[in-house]
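File shown here: input_21.cif, holding mmCIF, C-alpha atoms and all ligand atoms.
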data_start
loop_
_atom_site.group_PDB
_atom_site.id
_atom_site.type_symbol
_atom_site.label_atom_id
_atom_site.label_comp_id
_atom_site.auth_asym_id
_atom_site.auth_seq_id
_atom_site.Cartn_x
_atom_site.Cartn_y
_atom_site.Cartn_z
ATOM 1 C CA MET A 1 110.761 131.989 96.891
ATOM 2 C CA ALA A 2 113.477 130.958 94.449
ATOM 3 C CA ALA A 3 112.728 127.754 92.556
ATOM 4 C CA GLU A 4 115.810 125.964 93.904
ATOM 5 C CA SER A 5 114.656 126.429 97.527
ATOM 6 C CA MET A 6 111.162 125.020 96.896
ATOM 7 C CA PRO A 7 110.595 121.862 98.939
ATOM 8 C CA SER A 8 110.488 118.890 96.645
ATOM 9 C CA VAL A 9 107.424 116.694 96.106
ATOM 10 C CA SER A 10 109.471 113.515 95.901
ATOM 11 C CA VAL A 11 110.594 110.663 98.109
ATOM 12 C CA GLU A 12 113.985 110.342 96.410
ATOM 13 C CA GLY A 13 116.652 109.372 98.943
ATOM 14 C CA LYS A 14 114.178 108.550 101.707
ATOM 15 C CA THR A 15 113.726 105.186 103.445
ATOM 16 C CA ALA A 16 110.122 104.031 103.655
ATOM 17 C CA VAL A 17 108.339 101.095 105.277
ATOM 18 C CA VAL A 18 104.950 99.985 103.964
ATOM 19 C CA ILE A 19 102.973 97.612 106.200
ATOM 20 C CA GLY A 20 100.388 95.807 104.080
ATOM 21 C CA GLY A 21 102.757 96.579 101.222
ATOM 22 C CA THR A 22 102.553 93.282 99.351
ATOM 23 C CA ARG A 23 99.137 93.794 97.784
ATOM 24 C CA GLY A 24 96.681 96.407 96.582
ATOM 25 C CA ILE A 25 97.113 100.019 97.648
ATOM 26 C CA GLY A 26 100.171 99.350 99.854
ATOM 27 C CA ARG A 27 101.987 97.505 97.079
ATOM 28 C CA ALA A 28 101.262 100.309 94.596
ATOM 29 C CA ILE A 29 102.620 102.865 97.065
ATOM 30 C CA ALA A 30 105.728 100.762 97.798
ATOM 31 C CA LEU A 31 106.533 100.355 94.080
ATOM 32 C CA GLY A 32 105.676 103.995 93.356
ATOM 33 C CA PHE A 33 108.044 105.144 96.119
ATOM 34 C CA ALA A 34 110.802 102.923 94.682
ATOM 35 C CA GLU A 35 110.264 104.325 91.173
ATOM 36 C CA ASP A 36 110.595 107.803 92.652
ATOM 37 C CA GLY A 37 113.987 106.913 94.188
ATOM 38 C CA ALA A 38 113.198 105.741 97.726
ATOM 39 C CA ASP A 39 114.515 102.665 99.494
ATOM 40 C CA VAL A 40 111.487 100.657 100.561
ATOM 41 C CA VAL A 41 110.645 97.774 102.880
ATOM 42 C CA ALA A 42 107.242 96.298 102.011
ATOM 43 C CA THR A 43 105.806 93.756 104.388
ATOM 44 C CA SER A 44 102.821 91.613 105.342
ATOM 45 C CA ARG A 45 102.381 88.226 107.013
ATOM 46 C CA THR A 46 103.615 85.835 104.303
ATOM 47 C CA GLU A 47 107.197 85.171 103.274
ATOM 48 C CA ASP A 48 106.403 84.503 99.608
ATOM 49 C CA ALA A 49 104.449 87.729 99.211
ATOM 50 C CA VAL A 50 107.270 89.691 100.872
ATOM 51 C CA ALA A 51 109.885 88.025 98.628
ATOM 52 C CA ASP A 52 107.853 88.797 95.474
ATOM 53 C CA VAL A 53 107.469 92.482 96.210
ATOM 54 C CA ALA A 54 111.102 92.731 97.348
ATOM 55 C CA GLU A 55 112.200 91.491 93.917
ATOM 56 C CA GLU A 56 110.050 94.145 92.233
ATOM 57 C CA LEU A 57 111.482 96.816 94.536
ATOM 58 C CA ARG A 58 115.048 95.782 93.675
ATOM 59 C CA GLU A 59 114.192 95.865 89.941
ATOM 60 C CA ARG A 60 113.287 99.534 90.500
ATOM 61 C CA GLY A 61 116.665 100.241 92.121
ATOM 62 C CA ALA A 62 115.537 100.281 95.759
ATOM 63 C CA SER A 63 117.458 98.828 98.670
ATOM 64 C CA THR A 64 115.166 96.638 100.718
ATOM 65 C CA THR A 65 115.035 93.791 103.189
ATOM 66 C CA GLU A 66 112.680 90.842 103.498
ATOM 67 C CA VAL A 67 110.837 90.640 106.791
ATOM 68 C CA THR A 68 107.320 89.429 107.513
ATOM 69 C CA CYS A 69 105.117 91.345 109.916
ATOM 70 C CA ASP A 70 101.713 90.689 111.405
ATOM 71 C CA VAL A 71 100.656 94.157 112.503
ATOM 72 C CA THR A 72 98.761 92.696 115.475
ATOM 73 C CA SER A 73 102.077 91.479 116.943
ATOM 74 C CA ASP A 74 104.266 93.879 118.937
ATOM 75 C CA ALA A 75 107.225 91.514 118.506
ATOM 76 C CA ASP A 76 106.798 91.484 114.708
ATOM 77 C CA ILE A 77 106.603 95.278 114.567
ATOM 78 C CA ASP A 78 109.725 95.625 116.713
ATOM 79 C CA ALA A 79 111.536 93.129 114.459
ATOM 80 C CA LEU A 80 110.440 95.121 111.394
ATOM 81 C CA VAL A 81 111.840 98.345 112.829
ATOM 82 C CA GLU A 82 115.092 96.605 113.762
ATOM 83 C CA ALA A 83 115.563 94.878 110.385
ATOM 84 C CA THR A 84 114.832 98.076 108.447
ATOM 85 C CA VAL A 85 117.298 100.169 110.418
ATOM 86 C CA ALA A 86 119.997 97.461 110.292
ATOM 87 C CA ASP A 87 119.626 96.484 106.620
ATOM 88 C CA VAL A 88 118.368 99.629 104.863
ATOM 89 C CA GLY A 89 118.727 102.704 107.076
ATOM 90 C CA ASP A 90 116.967 105.105 109.401
ATOM 91 C CA VAL A 91 113.258 105.289 108.635
ATOM 92 C CA ASP A 92 111.869 108.513 107.139
ATOM 93 C CA VAL A 93 108.402 107.311 106.124
ATOM 94 C CA LEU A 94 105.920 104.776 107.500
ATOM 95 C CA VAL A 95 102.804 103.798 105.550
ATOM 96 C CA ASN A 96 100.126 101.794 107.393
ATOM 97 C CA SER A 97 98.112 100.036 104.683
ATOM 98 C CA ALA A 98 97.332 96.662 106.300
ATOM 99 C CA GLY A 99 93.600 96.143 106.337
ATOM 100 C CA VAL A 100 90.854 93.559 106.686
ATOM 101 C CA ASN A 101 87.150 93.970 106.279
ATOM 102 C CA ALA A 102 84.399 91.749 107.671
ATOM 103 C CA THR A 103 81.203 92.194 105.659
ATOM 104 C CA THR A 104 78.617 91.215 108.252
ATOM 105 C CA PRO A 105 75.579 93.125 109.529
ATOM 106 C CA VAL A 106 75.722 94.088 113.184
ATOM 107 C CA THR A 107 73.148 91.521 114.365
ATOM 108 C CA GLU A 108 75.187 88.687 112.856
ATOM 109 C CA MET A 109 78.693 89.952 113.548
ATOM 110 C CA THR A 110 80.677 87.718 115.867
ATOM 111 C CA ASN A 111 83.028 88.972 118.561
ATOM 112 C CA GLU A 112 85.871 87.376 116.598
ATOM 113 C CA GLU A 113 85.072 89.370 113.441
ATOM 114 C CA TRP A 114 84.748 92.609 115.395
ATOM 115 C CA GLU A 115 87.957 92.013 117.336
ATOM 116 C CA ARG A 116 89.970 91.015 114.262
ATOM 117 C CA ASP A 117 89.017 94.158 112.306
ATOM 118 C CA ILE A 118 89.731 96.440 115.250
ATOM 119 C CA ALA A 119 93.022 94.623 115.976
ATOM 120 C CA VAL A 120 94.332 94.977 112.410
ATOM 121 C CA ASP A 121 92.696 98.178 111.140
ATOM 122 C CA LEU A 122 92.926 100.325 114.280
ATOM 123 C CA THR A 123 95.119 98.829 117.006
ATOM 124 C CA GLY A 124 97.673 97.742 114.388
ATOM 125 C CA VAL A 125 97.965 101.337 113.180
ATOM 126 C CA PHE A 126 98.433 102.532 116.762
ATOM 127 C CA LYS A 127 101.112 99.914 117.481
ATOM 128 C CA ALA A 128 103.038 100.658 114.292
ATOM 129 C CA CYS A 129 102.850 104.440 114.850
ATOM 130 C CA ARG A 130 104.130 103.963 118.412
ATOM 131 C CA ALA A 131 107.015 101.666 117.522
ATOM 132 C CA PHE A 132 108.228 103.657 114.513
ATOM 133 C CA ALA A 133 107.818 107.044 116.218
ATOM 134 C CA ARG A 134 110.126 105.820 118.986
ATOM 135 C CA GLU A 135 112.762 105.144 116.329
ATOM 136 C CA MET A 136 112.273 107.994 113.832
ATOM 137 C CA ASP A 137 114.052 111.306 114.440
ATOM 138 C CA GLU A 138 111.873 113.043 111.862
ATOM 139 C CA GLY A 139 109.710 112.154 108.902
ATOM 140 C CA SER A 140 106.187 111.304 107.874
ATOM 141 C CA ILE A 141 103.599 108.681 108.824
ATOM 142 C CA ILE A 142 100.708 107.964 106.446
ATOM 143 C CA ASN A 143 97.729 105.905 107.607
ATOM 144 C CA ILE A 144 95.430 104.453 104.955
ATOM 145 C CA SER A 145 91.957 105.188 106.263
ATOM 146 C CA SER A 146 88.782 105.028 104.158
ATOM 147 C CA MET A 147 85.834 107.162 103.166
ATOM 148 C CA SER A 148 83.967 104.575 105.289
ATOM 149 C CA ALA A 149 85.277 106.500 108.323
ATOM 150 C CA ASP A 150 82.641 109.149 107.657
ATOM 151 C CA GLN A 151 79.922 107.264 105.789
ATOM 152 C CA ALA A 152 77.375 104.660 106.759
ATOM 153 C CA ARG A 153 78.050 101.430 104.890
ATOM 154 C CA GLU A 154 75.835 98.406 105.265
ATOM 155 C CA ALA A 155 77.346 95.323 106.892
ATOM 156 C CA ARG A 156 80.567 97.099 107.885
ATOM 157 C CA PRO A 157 80.209 97.983 111.605
ATOM 158 C CA SER A 158 83.728 96.958 112.614
ATOM 159 C CA TYR A 159 85.368 98.439 109.514
ATOM 160 C CA CYS A 160 83.592 101.810 109.745
ATOM 161 C CA ALA A 161 84.348 102.014 113.473
ATOM 162 C CA ALA A 162 88.005 101.134 112.934
ATOM 163 C CA LYS A 163 88.446 103.682 110.139
ATOM 164 C CA SER A 164 86.746 106.457 112.154
ATOM 165 C CA GLY A 165 89.221 105.521 114.871
ATOM 166 C CA VAL A 166 92.115 105.807 112.431
ATOM 167 C CA ASN A 167 91.119 109.384 111.604
ATOM 168 C CA GLY A 168 90.981 110.331 115.285
ATOM 169 C CA LEU A 169 94.210 108.480 115.988
ATOM 170 C CA THR A 170 95.915 110.274 113.094
ATOM 171 C CA ARG A 171 94.999 113.698 114.473
ATOM 172 C CA ALA A 172 96.020 112.780 118.053
ATOM 173 C CA VAL A 173 99.318 111.200 117.055
ATOM 174 C CA ALA A 174 100.079 114.192 114.804
ATOM 175 C CA ALA A 175 99.722 116.457 117.840
ATOM 176 C CA ASP A 176 101.993 114.221 119.951
ATOM 177 C CA LEU A 177 104.727 113.897 117.326
ATOM 178 C CA ALA A 178 104.860 117.464 115.999
ATOM 179 C CA PRO A 179 106.996 119.165 114.933
ATOM 180 C CA ASP A 180 109.436 116.412 113.991
ATOM 181 C CA ILE A 181 107.122 113.760 112.572
ATOM 182 C CA ARG A 182 104.078 114.614 110.464
ATOM 183 C CA VAL A 183 101.131 112.213 110.597
ATOM 184 C CA ASN A 184 98.358 112.199 107.993
ATOM 185 C CA ALA A 185 95.826 109.814 106.512
ATOM 186 C CA ILE A 186 94.573 109.061 103.042
ATOM 187 C CA ALA A 187 90.877 108.139 102.807
ATOM 188 C CA PRO A 188 90.350 106.308 99.531
ATOM 189 C CA GLY A 189 86.982 105.773 97.938
ATOM 190 C CA PHE A 190 86.455 102.535 96.026
ATOM 191 C CA VAL A 191 89.736 101.067 94.775
ATOM 192 C CA LYS A 192 89.960 97.908 92.693
ATOM 193 C CA THR A 193 92.022 95.575 94.869
ATOM 194 C CA GLU A 194 91.571 92.091 96.251
ATOM 195 C CA MET A 195 89.714 93.642 99.184
ATOM 196 C CA ALA A 196 87.100 95.555 97.188
ATOM 197 C CA GLY A 197 87.326 93.961 93.724
ATOM 198 C CA PRO A 198 84.944 91.017 94.247
ATOM 199 C CA LYS A 199 82.128 93.255 95.485
ATOM 200 C CA LEU A 200 82.740 95.788 92.705
ATOM 201 C CA ASP A 201 82.647 93.063 90.043
ATOM 202 C CA ASP A 202 79.894 90.789 91.371
ATOM 203 C CA GLY A 203 77.512 91.823 88.606
ATOM 204 C CA SER A 204 75.032 93.365 91.043
ATOM 205 C CA GLU A 205 73.643 96.910 90.865
ATOM 206 C CA PHE A 206 76.188 97.938 93.481
ATOM 207 C CA ARG A 207 78.917 98.812 90.968
ATOM 208 C CA GLU A 208 76.515 100.762 88.764
ATOM 209 C CA THR A 209 75.393 102.789 91.794
ATOM 210 C CA VAL A 210 79.005 103.482 92.783
ATOM 211 C CA ASP A 211 79.842 104.753 89.291
ATOM 212 C CA GLU A 212 76.691 106.914 89.207
ATOM 213 C CA ARG A 213 77.564 108.493 92.554
ATOM 214 C CA THR A 214 81.135 109.216 91.456
ATOM 215 C CA PRO A 215 81.677 112.325 89.316
ATOM 216 C CA MET A 216 84.768 110.606 87.869
ATOM 217 C CA GLU A 217 82.295 107.872 86.772
ATOM 218 C CA ARG A 218 84.476 104.941 87.860
ATOM 219 C CA VAL A 219 86.389 103.388 90.715
ATOM 220 C CA SER A 220 90.119 103.990 91.078
ATOM 221 C CA THR A 221 93.166 101.833 90.560
ATOM 222 C CA PRO A 222 95.676 101.368 93.396
ATOM 223 C CA ASP A 223 98.183 103.448 91.388
ATOM 224 C CA GLU A 224 95.923 106.474 91.764
ATOM 225 C CA MET A 225 96.707 106.556 95.510
ATOM 226 C CA VAL A 226 100.454 106.877 94.901
ATOM 227 C CA GLY A 227 100.646 110.603 94.078
ATOM 228 C CA THR A 228 98.928 111.592 97.323
ATOM 229 C CA ALA A 229 101.204 109.262 99.287
ATOM 230 C CA ILE A 230 104.332 110.715 97.650
ATOM 231 C CA TYR A 231 103.081 114.216 98.438
ATOM 232 C CA LEU A 232 102.400 113.439 102.104
ATOM 233 C CA ALA A 233 105.739 111.637 102.485
ATOM 234 C CA SER A 234 107.678 114.442 100.807
ATOM 235 C CA ASP A 235 109.217 117.678 102.040
ATOM 236 C CA GLY A 236 106.593 119.413 99.889
ATOM 237 C CA ALA A 237 104.057 118.585 102.637
ATOM 238 C CA SER A 238 106.252 120.122 105.365
ATOM 239 C CA PHE A 239 103.325 122.103 106.875
ATOM 240 C CA THR A 240 100.678 119.389 106.510
ATOM 241 C CA THR A 241 99.957 117.289 109.582
ATOM 242 C CA GLY A 242 96.887 115.816 111.274
ATOM 243 C CA GLU A 243 94.989 115.809 107.971
ATOM 244 C CA VAL A 244 92.828 113.205 106.288
ATOM 245 C CA ILE A 245 92.985 113.595 102.511
ATOM 246 C CA THR A 246 90.069 112.007 100.688
ATOM 247 C CA VAL A 247 90.807 110.480 97.274
ATOM 248 C CA ASP A 248 87.446 109.211 96.072
ATOM 249 C CA GLY A 249 86.765 110.677 92.621
ATOM 250 C CA GLY A 250 84.226 113.008 94.231
ATOM 251 C CA TYR A 251 82.007 110.138 95.486
ATOM 252 C CA ASP A 252 78.746 111.448 96.964
ATOM 253 C CA PRO A 253 76.721 108.819 98.856
ATOM 254 C CA SER A 254 73.594 110.980 98.650
ATOM 255 C CA ALA A 255 73.699 111.349 94.857
ATOM 256 C CA GLN A 256 70.736 109.700 93.119
HETATM 257 N N1 LIG A 301 90.149 98.779 98.222
HETATM 258 C C1 LIG A 301 89.369 99.755 98.632
HETATM 259 O O1 LIG A 301 88.328 100.063 97.994
HETATM 260 C C2 LIG A 301 89.724 100.553 99.862
HETATM 261 C C3 LIG A 301 88.995 101.707 100.109
HETATM 262 C C4 LIG A 301 89.295 102.468 101.225
HETATM 263 C C5 LIG A 301 90.319 102.078 102.075
HETATM 264 N N2 LIG A 301 91.019 100.943 101.827
HETATM 265 C C6 LIG A 301 92.084 100.598 102.774
HETATM 266 O O2 LIG A 301 93.310 100.485 102.087
HETATM 267 C C7 LIG A 301 94.168 99.574 102.779
HETATM 268 C C8 LIG A 301 94.673 98.547 101.793
HETATM 269 O O3 LIG A 301 93.570 97.808 101.297
HETATM 270 P P1 LIG A 301 93.588 97.077 99.880
HETATM 271 O O4 LIG A 301 92.313 97.387 99.199
HETATM 272 O O5 LIG A 301 94.883 97.347 99.211
HETATM 273 O O6 LIG A 301 93.469 95.562 100.386
HETATM 274 P P2 LIG A 301 94.298 94.246 100.050
HETATM 275 O O7 LIG A 301 93.524 93.164 100.701
HETATM 276 O O8 LIG A 301 94.599 94.151 98.599
HETATM 277 O O9 LIG A 301 95.673 94.495 100.824
HETATM 278 C C9 LIG A 301 95.736 94.491 102.226
HETATM 279 C C10 LIG A 301 97.133 94.192 102.659
HETATM 280 O O10 LIG A 301 97.163 94.133 104.086
HETATM 281 C C11 LIG A 301 97.847 92.957 104.476
HETATM 282 N N3 LIG A 301 97.402 92.528 105.800
HETATM 283 C C12 LIG A 301 96.181 92.089 106.197
HETATM 284 N N4 LIG A 301 96.207 91.762 107.496
HETATM 285 C C13 LIG A 301 97.465 92.006 107.941
HETATM 286 C C14 LIG A 301 98.114 91.876 109.191
HETATM 287 N N5 LIG A 301 97.476 91.387 110.271
HETATM 288 N N6 LIG A 301 99.409 92.248 109.276
HETATM 289 C C15 LIG A 301 100.069 92.729 108.208
HETATM 290 N N7 LIG A 301 99.516 92.861 106.990
HETATM 291 C C16 LIG A 301 98.231 92.499 106.865
HETATM 292 C C17 LIG A 301 97.523 91.949 103.374
HETATM 293 O O11 LIG A 301 98.435 90.876 103.379
HETATM 294 C C18 LIG A 301 97.667 92.850 102.158
HETATM 295 O O12 LIG A 301 99.026 92.986 101.798
HETATM 296 C C19 LIG A 301 93.323 98.972 103.901
HETATM 297 O O13 LIG A 301 93.610 99.635 105.109
HETATM 298 C C20 LIG A 301 91.903 99.268 103.466
HETATM 299 O O14 LIG A 301 91.023 99.326 104.544
HETATM 300 C C21 LIG A 301 90.750 100.159 100.735
#
Conversion result in C-alpha cells:
Amino acid sequence: MAAESMPSVSVEGKTAVVIGGTRGIGRAIALGFAEDGADVVATSRTEDAVADVAEELRERGASTTEVTCDVTSDADIDALVEATVADVGDVDVLVNSAGVNATTPVTEMTNEEWERDIAVDLTGVFKACRAFAREMDEGSIINISSMSADQAREARPSYCAAKSGVNGLTRAVAADLAPDIRVNAIAPGFVKTEMAGPKLDDGSEFRETVDERTPMERVSTPDEMVGTAIYLASDGASFTTGEVITVDGGYDPSAQ
C-alpha cells in the first residue's frame, strides 16, 4: 500500500465529545485530541469545570462549546448532542469517561451506592452510546472501562460489576452499529487521578504491591491513555471494533 493511502492515526479535523472530560483520564484525552487537531466538547456536571477545560481546549486551537451533562440524565445527554451539533459540528467521536467508584465491601454496601455506580458507570455509558449513535452517521465510540472488569478487587462490587457490564455493552453495541460506527473500550490499570490517587498515595502497602505487580514498575499518568484513545478514534483503527484494549503496564494480580 502506498504511504499516502495509509489511514492516518490522528484525530485532526474530527469533532469529539468527551463525557467526564473535565478531570483525570477524560480531561487528558480531551486536551490530547485538541492538540492533535480535533474540535472537542468536554463535559461533566459542573459549569466551572466545563468552563475551565473549554478555555484550555481553545488555547489548543479547538472549537468547543460549554455545556454541562450529568450522564444519568437523558435530557442532559440530548442537550449535549444538540449543543455539539449546533455549535461545533457533526460528531465523529464519543468518549465515555465519566466514572464513580464506591469503595465498600458487599456486606456494607447500600442500595444507594450500588445504584449510583451502576447508573453512572454502566447505564450512563448505554444512554450516551444510544443518544450519540442516533445522531452520528459514522465514527468511533470509546468507552473507558477498567482492568477491574476482569479482576477481583476488594470492596468494589458495584464498580467491578459495572465495568464488566461496560465490556459486554461495548461488544454488543459494536455489533449493532457496524459497519458505520466502531465501538471499543480502553481498560486502564492504575492511573493517578482524583479517583485513584488517594488510595495510591495513602502510605499503605497497597501502592508498593501495585508497583511490584506491574512490570513497568509504576502506575500511569492520565496522559498515557491518550495515544490509545487517538488510535481508536482515528481512521487507523478502521478495522477495530468490539475490542477492549488493556493499558495497565502489564499488571499481573497474581504476581508475588
Ligand atoms: N484512575 C484509575 O486508576 C482508573 C482505572 C481504570 C479505569 N478508570 C476509569 O476511567 C474513567 C475516568 O476516571 P478518572 O480516574 O479520570 O476519575 P476522575 O474522578 O478524575 O474523573 C471522573 C470524571 O467523571 C465525571 N463524572 C462523574 N460522575 C458524572 C456524571 N454523573 N455525569 C457526568 N460526569 C460525571 C467527573 O466530574 C470527572 O470529570 C472512569 O470511568 C474510571 O472508572 C480509572
| field | Residues selected by the PyMOL selection byres (((not hetatm)) within 6 of (chain A and resi 301)), written as a ChimeraX atom specification | value | /A:19-26,44-45,69-72,97-100,120,144-146,188-196
| Top pick for closest residue to Ala83 in chain A, considering A:Glu112, A:Thr103, A:Thr43, A:Gly197 and counting all atoms listed in the file |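 Answer, going by the shortest atom-to-atom distance: A:Thr43.
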| said: the PyMOL selection byres (((chain A and resi 63) around 9) and not hetatm) - which residues does that actually catch in the file I just gave you? List them as a list of chain:residue names. | reply: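 Against this file, the PyMOL selection byres (((chain A and resi 63) around 9) and not hetatm) returns the residues A:Thr15, A:Ala34, A:Ala38, A:Asp39, A:Val40, A:Val41, A:Ala54, A:Leu57, A:Arg58, A:Gly61, A:Ala62, A:Thr64, A:Thr65, A:Asp87, A:Val88.
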| request: To one decimal in Å, tell me the separation between CA of Ile142 in chain A and CA of Asp117 in chain A. | output: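 Interatomic distance, CA of Ile142 in chain A to CA of Asp117 in chain A: 19.0 Å.
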| So what does the PyMOL selection byres (((chain A and resi 91) around 7) and not hetatm) actually pick up in this one, as JSON, numbers by chain? | {"A": [15, 16, 85, 89, 90, 92, 93, 136]}
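One distance worth recording is that between CA of Ala86 in chain A and CA of Gly227 in chain A, which is 28.5 Å.
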| task | Find the residue from A:Thr84, A:Glu212, A:Met225, A:Asn101 that sits nearest to Leu31 in chain A; use only C-alpha atoms when measuring. | result | A:Met225
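Atom to atom, CA of Gly32 in chain A and CA of Ala172 in chain A stand 27.9 Å apart.
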| query | Hey, which of A:Thr170, A:Thr123, A:Asn96, A:Ser164 ends up closest to Ala152 in chain A? Count all atoms listed in the file. | reply |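 Of all the options, A:Ser164 lies closest to Ala152 in chain A.
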| said: With distances taken over all atoms listed in the file, which residue among A:Thr107, A:Thr241, A:Ser254, A:Ser5 lies nearest Gln151 in chain A? | reply: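 When distances to Gln151 in chain A are compared using all atoms listed in the file, the smallest one comes from A:Ser254.
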| task | Considering all atoms listed in the file, return as a PyMOL selection string whatever protein or nucleic-acid residues lie within 9 Å of Arg60 in chain A, sequence-local ones (same chain, fewer than 4 positions apart) excluded. | result | chain A and resi 31+34-37+55-56
Hey, can you spit out that residue selection with C-alpha atoms as a short mmCIF file (atom, residue, chain, number, x, y, z; two decimals), in the coordinates of the input?
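What landed in part_12.cif:
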data_model
loop_
_atom_site.label_atom_id
_atom_site.label_comp_id
_atom_site.auth_asym_id
_atom_site.auth_seq_id
_atom_site.Cartn_x
_atom_site.Cartn_y
_atom_site.Cartn_z
CA LEU A 31 106.53 100.36 94.08
CA ALA A 34 110.80 102.92 94.68
CA GLU A 35 110.26 104.32 91.17
CA ASP A 36 110.60 107.80 92.65
CA GLY A 37 113.99 106.91 94.19
CA GLU A 55 112.20 91.49 93.92
CA GLU A 56 110.05 94.14 92.23
#
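Between Asp150 in chain A and the residues A:Asp180, A:Glu47, A:Asp252, A:Asp76, the shortest atom-to-atom distance, using all atoms listed in the file, involves A:Asp252.
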| Within 10 Å of (93.4, 109.8, 115.6), in the coordinates the file gives, what residues turn up when you count all atoms listed in the file, written out as a ChimeraX atom specification? | /A:122,125-126,143,163-175,183-185,242-244
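Ranking A:Ile230, A:Ala178, A:Ala28, A:Arg134 by their shortest atom-to-atom distance to Glu12 in chain A, with only C-alpha atoms included, puts A:Ile230 first.
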What would range 119-132 of chain A look like with N, CA and C atoms in place, written as a PDB file, keeping the file's coordinate frame?
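So rebuild23.pdb came out as:
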ATOM      1  N   ALA A 119      91.608  94.934 115.688  1.00  0.00           N
ATOM      2  CA  ALA A 119      93.022  94.623 115.976  1.00  0.00           C
ATOM      3  C   ALA A 119      93.924  94.995 114.804  1.00  0.00           C
ATOM      4  N   VAL A 120      93.481  94.693 113.580  1.00  0.00           N
ATOM      5  CA  VAL A 120      94.332  94.977 112.410  1.00  0.00           C
ATOM      6  C   VAL A 120      94.188  96.439 111.986  1.00  0.00           C
ATOM      7  N   ASP A 121      92.942  96.890 111.799  1.00  0.00           N
ATOM      8  CA  ASP A 121      92.696  98.178 111.140  1.00  0.00           C
ATOM      9  C   ASP A 121      92.914  99.376 112.053  1.00  0.00           C
ATOM     10  N   LEU A 122      92.753  99.183 113.362  1.00  0.00           N
ATOM     11  CA  LEU A 122      92.926 100.325 114.280  1.00  0.00           C
ATOM     12  C   LEU A 122      94.094 100.113 115.240  1.00  0.00           C
ATOM     13  N   THR A 123      94.047  99.025 116.019  1.00  0.00           N
ATOM     14  CA  THR A 123      95.119  98.829 117.006  1.00  0.00           C
ATOM     15  C   THR A 123      96.456  98.606 116.304  1.00  0.00           C
ATOM     16  N   GLY A 124      96.437  97.945 115.154  1.00  0.00           N
ATOM     17  CA  GLY A 124      97.673  97.742 114.388  1.00  0.00           C
ATOM     18  C   GLY A 124      98.300  99.064 113.969  1.00  0.00           C
ATOM     19  N   VAL A 125      97.457 100.007 113.580  1.00  0.00           N
ATOM     20  CA  VAL A 125      97.965 101.337 113.180  1.00  0.00           C
ATOM     21  C   VAL A 125      98.584 102.031 114.390  1.00  0.00           C
ATOM     22  N   PHE A 126      97.891 101.945 115.530  1.00  0.00           N
ATOM     23  CA  PHE A 126      98.433 102.532 116.762  1.00  0.00           C
ATOM     24  C   PHE A 126      99.791 101.923 117.114  1.00  0.00           C
ATOM     25  N   LYS A 127      99.868 100.587 117.076  1.00  0.00           N
ATOM     26  CA  LYS A 127     101.112  99.914 117.481  1.00  0.00           C
ATOM     27  C   LYS A 127     102.268 100.269 116.546  1.00  0.00           C
ATOM     28  N   ALA A 128     101.973 100.338 115.246  1.00  0.00           N
ATOM     29  CA  ALA A 128     103.038 100.658 114.292  1.00  0.00           C
ATOM     30  C   ALA A 128     103.468 102.117 114.448  1.00  0.00           C
ATOM     31  N   CYS A 129     102.490 103.023 114.629  1.00  0.00           N
ATOM     32  CA  CYS A 129     102.850 104.440 114.850  1.00  0.00           C
ATOM     33  C   CYS A 129     103.749 104.558 116.084  1.00  0.00           C
ATOM     34  N   ARG A 130     103.370 103.869 117.159  1.00  0.00           N
ATOM     35  CA  ARG A 130     104.130 103.963 118.412  1.00  0.00           C
ATOM     36  C   ARG A 130     105.548 103.455 118.237  1.00  0.00           C
ATOM     37  N   ALA A 131     105.686 102.272 117.648  1.00  0.00           N
ATOM     38  CA  ALA A 131     107.015 101.666 117.522  1.00  0.00           C
ATOM     39  C   ALA A 131     107.914 102.485 116.594  1.00  0.00           C
ATOM     40  N   PHE A 132     107.388 102.914 115.462  1.00  0.00           N
ATOM     41  CA  PHE A 132     108.228 103.657 114.513  1.00  0.00           C
ATOM     42  C   PHE A 132     108.541 105.060 115.029  1.00  0.00           C
TER      43      PHE A 132
END
